[in-house]
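Colleague: Below is the file input_32.cif, with mmCIF, C-alpha atoms.
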data_upload
loop_
_atom_site.label_atom_id
_atom_site.label_comp_id
_atom_site.auth_asym_id
_atom_site.auth_seq_id
_atom_site.Cartn_x
_atom_site.Cartn_y
_atom_site.Cartn_z
CA MET A 1 96.81 128.54 86.51
CA ALA A 2 96.36 130.02 89.99
CA ALA A 3 93.33 127.79 90.55
CA THR A 4 95.31 124.65 89.68
CA VAL A 5 98.12 125.60 92.04
CA ALA A 6 95.63 126.42 94.81
CA ARG A 7 93.79 123.09 94.33
CA ALA A 8 97.08 121.18 94.47
CA GLU A 9 98.11 122.92 97.68
CA ALA A 10 94.68 122.51 99.28
CA SER A 11 94.65 118.78 98.57
CA GLY A 12 98.21 118.26 99.84
CA ARG A 13 99.49 117.31 96.41
CA ALA A 14 102.62 118.63 94.73
CA ILE A 15 102.93 120.44 91.43
CA GLU A 16 105.77 120.10 88.93
CA LEU A 17 106.27 122.93 86.44
CA VAL A 18 108.41 123.36 83.33
CA ALA A 19 108.43 126.10 80.71
CA LEU A 20 109.34 126.76 77.11
CA ASP A 21 110.15 130.23 75.85
CA ALA A 22 107.65 131.78 73.46
CA GLY A 23 107.98 130.33 69.98
CA GLN A 24 110.29 127.53 71.12
CA ALA A 25 109.36 123.98 70.21
CA PRO A 26 110.48 120.99 72.28
CA ASP A 27 113.51 119.23 70.83
CA TRP A 28 112.31 115.66 71.29
CA ASP A 29 115.20 114.26 69.23
CA GLU A 30 117.76 115.92 71.50
CA ALA A 31 115.99 114.56 74.57
CA THR A 32 116.09 111.07 73.04
CA ARG A 33 119.80 111.42 72.28
CA PHE A 34 120.36 112.61 75.83
CA LEU A 35 118.61 109.54 77.25
CA ASP A 36 120.50 107.22 74.91
CA ALA A 37 123.80 108.69 76.20
CA LEU A 38 122.83 108.42 79.87
CA ILE A 39 125.41 106.56 81.96
CA PHE A 40 124.97 104.79 85.27
CA GLU A 41 126.98 107.35 87.25
CA GLU A 42 124.50 110.07 86.25
CA VAL A 43 121.49 108.25 87.68
CA GLU A 44 120.60 109.16 91.26
CA ASP A 45 119.37 106.47 93.64
CA ASP A 46 115.90 107.99 93.89
CA LEU A 47 115.56 108.00 90.09
CA LEU A 48 116.42 104.28 90.03
CA GLU A 49 113.53 103.64 92.41
CA MET A 50 111.15 105.99 90.56
CA CYS A 51 111.92 104.09 87.34
CA GLY A 52 110.96 100.75 88.86
CA VAL A 53 114.38 99.34 89.74
CA ASP A 54 114.43 97.17 92.85
CA THR A 55 118.05 97.50 93.95
CA ARG A 56 117.63 94.65 96.42
CA THR A 57 116.62 92.02 93.87
CA ASP A 58 117.28 93.27 90.31
CA PRO A 59 120.74 92.47 88.93
CA GLN A 60 122.80 95.66 88.84
CA GLU A 61 123.71 95.13 85.18
CA THR A 62 120.00 95.61 84.30
CA TRP A 63 119.45 98.85 86.21
CA LEU A 64 120.57 101.32 83.56
CA ASP A 65 118.57 99.63 80.79
CA THR A 66 115.47 99.64 83.02
CA VAL A 67 115.89 103.35 83.75
CA LYS A 68 116.50 104.25 80.11
CA GLN A 69 113.44 102.31 78.95
CA ARG A 70 111.20 103.89 81.59
CA LEU A 71 112.48 107.36 80.65
CA ARG A 72 112.02 106.71 76.90
CA ASP A 73 108.45 105.60 77.58
CA ASP A 74 107.91 108.65 79.80
CA LEU A 75 109.25 110.97 77.11
CA ALA A 76 106.94 109.42 74.51
CA SER A 77 103.93 109.73 76.86
CA PHE A 78 104.80 113.27 77.92
CA GLY A 79 105.38 114.37 74.31
CA ALA A 80 102.13 112.82 73.09
CA ASP A 81 100.19 114.51 75.88
CA VAL A 82 101.66 118.01 75.47
CA GLU A 83 101.36 117.81 71.68
CA GLY A 84 97.88 116.32 71.97
CA ASP A 85 94.90 116.63 74.26
CA HIS A 86 96.60 117.42 77.61
CA ASP A 87 94.91 114.64 79.57
CA GLU A 88 97.75 114.55 82.11
CA ILE A 89 99.79 117.72 81.57
CA GLU A 90 98.19 121.17 81.71
CA GLU A 91 99.52 124.01 79.57
CA TRP A 92 99.23 127.75 80.13
CA ASP A 93 100.60 130.83 78.43
CA PHE A 94 102.26 133.01 81.04
CA ARG A 95 104.38 136.12 80.47
CA GLY A 96 105.40 135.04 77.00
CA ALA A 97 106.26 131.47 77.95
CA ARG A 98 104.40 128.20 77.73
CA ILE A 99 104.08 126.63 81.19
CA PHE A 100 103.43 122.91 81.57
CA ALA A 101 102.14 121.56 84.88
CA ALA A 102 101.40 118.21 86.44
CA VAL A 103 99.88 117.60 89.86
CA GLY A 104 100.38 114.47 91.91
CA THR A 105 101.49 112.73 95.06
CA ILE A 106 104.73 111.08 96.09
CA ASP A 107 103.24 107.75 95.02
CA ASP A 108 102.63 109.17 91.53
CA GLU A 109 106.37 109.80 91.09
CA SER A 110 106.86 106.08 90.38
CA ASN A 111 103.61 105.51 88.50
CA PRO A 112 104.28 104.85 84.79
CA LEU A 113 100.72 106.00 83.93
CA SER A 114 100.90 109.33 85.77
CA GLY A 115 101.72 112.58 84.00
CA TYR A 116 103.15 113.82 87.28
CA GLY A 117 105.40 110.77 87.34
CA TRP A 118 106.52 111.31 83.74
CA MET A 119 107.40 114.90 84.45
CA CYS A 120 109.16 114.22 87.77
CA ARG A 121 111.31 111.46 86.31
CA LEU A 122 112.16 113.42 83.16
CA VAL A 123 113.04 116.54 85.16
CA ASP A 124 115.17 114.52 87.60
CA ALA A 125 116.99 112.84 84.71
CA GLU A 126 117.44 116.26 83.02
CA ALA A 127 115.86 114.94 79.81
CA LEU A 128 113.33 117.76 79.66
CA GLY A 129 116.20 120.23 79.95
CA ALA A 130 117.78 118.59 76.92
CA ALA A 131 114.49 119.10 75.08
CA GLY A 132 114.61 122.83 75.88
CA PHE A 133 112.31 122.97 78.89
CA GLN A 134 113.30 124.92 81.97
CA ARG A 135 112.17 123.93 85.43
CA VAL A 136 109.97 126.55 87.05
CA ARG A 137 109.60 127.09 90.77
CA LYS A 138 106.09 127.97 91.87
CA ALA A 139 107.43 131.08 93.64
CA ALA A 140 108.74 132.38 90.29
CA LEU A 141 105.17 132.62 89.02
CA ASN A 142 104.23 135.21 91.68
CA LEU A 143 100.69 133.90 92.04
#
How does this structure look as structure tokens?

Modeller:
Amino acid sequence: MAATVARAEASGRAIELVALDAGQAPDWDEATRFLDALIFEEVEDDLLEMCGVDTRTDPQETWLDTVKQRLRDDLASFGADVEGDHDEIEEWDFRGARIFAAVGTIDDESNPLSGYGWMCRLVDAEALGAAGFQRVRKAALNL
């Protein structure tokens, strides 16, 4: 874990971290319900952009559907990766919790194929919180 954080810092990339308490399983159904109930007023401008909405040219009535679809796809990709082979999202056991980490750049935040992008968008939308994940600040790890 410390090596991943150090590599991210050394390369100028950012790291996004979330955790689940020991023995807790992600509640993917609750996260899906949360996304289905998302309303326009809850979506920040930066999340619109990260989800691929072009506010200059896309009709406003399509924005929420675009965001919801991107976030549903992100949730499916994130869930498959953390339940599968961890190609994009790393997992560590740390002080009785499961820590999930993704490393990336600011450009990755909008990339639909990036685990860092999935995690950033899902954290910003609070969908991972609905699934039971808690955001972790790097400083809280005391590395």

Colleague: Exactly which residues make up the result of the PyMOL selection byres ((chain A and resi 43) around 10) on this file, given as number ranges by chain?

Modeller: A: 38-42, 44-48, 63-64, 67-68, 124-125

Colleague: Using the chain letters and numbers from this file, what does the PyMOL selection byres ((chain A and resi 120) around 10) select? Give the answer as a PyMOL selection string.

Modeller: chain A and resi 15-17+47+50+74+102+104+106+108-110+114-119+121-126+128

Colleague: So, with only C-alpha atoms as the atoms that count, which of A:Ala10, A:Asp93, A:Ser77, A:Gln69 lies closest to A:Val53?

Modeller: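 Smallest separation from A:Val53 among the options: A:Gln69.
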
Colleague: Carefully work through the PyMOL selection byres ((chain A and resi 25-36) around 6) for this structure and note down the residues it includes, as an mmCIF file with C-alpha atoms, in the coordinates of the input.

Modeller:
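Now in out07.cif:
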data_model
loop_
_atom_site.group_PDB
_atom_site.id
_atom_site.type_symbol
_atom_site.label_atom_id
_atom_site.label_comp_id
_atom_site.auth_asym_id
_atom_site.auth_seq_id
_atom_site.Cartn_x
_atom_site.Cartn_y
_atom_site.Cartn_z
ATOM 1 C CA GLN A 24 110.290 127.530 71.120
ATOM 2 C CA ALA A 37 123.800 108.690 76.200
ATOM 3 C CA LEU A 38 122.830 108.420 79.870
ATOM 4 C CA ALA A 127 115.860 114.940 79.810
ATOM 5 C CA ALA A 130 117.780 118.590 76.920
ATOM 6 C CA ALA A 131 114.490 119.100 75.080
ATOM 7 C CA GLY A 132 114.610 122.830 75.880
#

Colleague: I need the residue nearest A:Arg137 from this list: A:Leu75, A:Ala14, A:Cys51, A:Ala80. Use all atoms listed in the file for the distance.

Modeller: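 Selected residue with least distance to A:Arg137: A:Ala14.
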
Colleague: Quick one: pull the distance between atom CA of A:Arg70 and atom CA of A:Val5, Å, one decimal.

Modeller: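 About the pair atom CA of A:Arg70 and atom CA of A:Val5: they are 27.4 Å apart.
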
Colleague: May I ask for the distance between atom CA of A:Thr66 and atom CA of A:Phe100, given in Å to one decimal place?

Modeller: 26.2 Å

Colleague: One number please: atom CA of A:Glu49 to atom CA of A:Ile99, in Å, one decimal.

Modeller: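 A separation of 27.3 Å between them.
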
Colleague: In terms of the shortest atom-to-atom distance over only C-alpha atoms, which of A:Leu113, A:Ile89, A:Ala2, A:Leu20 is closest to A:Arg135?

Modeller: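 Of all the options, A:Leu20 lies closest to A:Arg135.
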
Colleague: Can you work out which one of A:Pro112, A:Gly96, A:Gly129, A:Gly52 has the shortest atom-to-atom distance to A:Ala22, counting all atoms listed in the file?

Modeller: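 Of the candidates, the smallest distance to A:Ala22 is held by A:Gly96.
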
Colleague: Could you write stretch 23-36 of chain A as a compact mmCIF listing (two decimals), in the frame of the given file, with N, CA and C atoms rebuilt where they are missing?

Modeller:
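What ended up in selection03.txt:
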# COMPACT_ATOMS: atom_id res chain seq x y z
N GLY A 23 107.52 130.70 71.31
CA GLY A 23 107.98 130.33 69.98
C GLY A 23 108.93 129.16 69.93
N GLN A 24 109.36 128.66 71.08
CA GLN A 24 110.29 127.53 71.12
C GLN A 24 109.51 126.22 71.09
N ALA A 25 109.96 125.31 70.27
CA ALA A 25 109.36 123.98 70.21
C ALA A 25 110.26 123.00 70.96
N PRO A 26 109.66 122.00 71.60
CA PRO A 26 110.48 120.99 72.28
C PRO A 26 111.36 120.26 71.27
N ASP A 27 112.58 119.99 71.66
CA ASP A 27 113.51 119.23 70.83
C ASP A 27 113.49 117.78 71.30
N TRP A 28 112.48 117.04 70.85
CA TRP A 28 112.31 115.66 71.29
C TRP A 28 113.49 114.79 70.86
N ASP A 29 114.05 115.05 69.69
CA ASP A 29 115.20 114.26 69.23
C ASP A 29 116.41 114.44 70.15
N GLU A 30 116.64 115.67 70.59
CA GLU A 30 117.76 115.92 71.50
C GLU A 30 117.53 115.24 72.84
N ALA A 31 116.31 115.26 73.32
CA ALA A 31 115.99 114.56 74.57
C ALA A 31 116.22 113.05 74.43
N THR A 32 115.85 112.51 73.29
CA THR A 32 116.09 111.07 73.04
C THR A 32 117.58 110.77 73.00
N ARG A 33 118.34 111.60 72.32
CA ARG A 33 119.80 111.42 72.28
C ARG A 33 120.40 111.51 73.68
N PHE A 34 119.90 112.45 74.46
CA PHE A 34 120.36 112.61 75.83
C PHE A 34 120.13 111.33 76.63
N LEU A 35 118.93 110.77 76.52
CA LEU A 35 118.61 109.54 77.25
C LEU A 35 119.46 108.38 76.76
N ASP A 36 119.68 108.30 75.45
CA ASP A 36 120.50 107.22 74.91
C ASP A 36 121.93 107.28 75.44
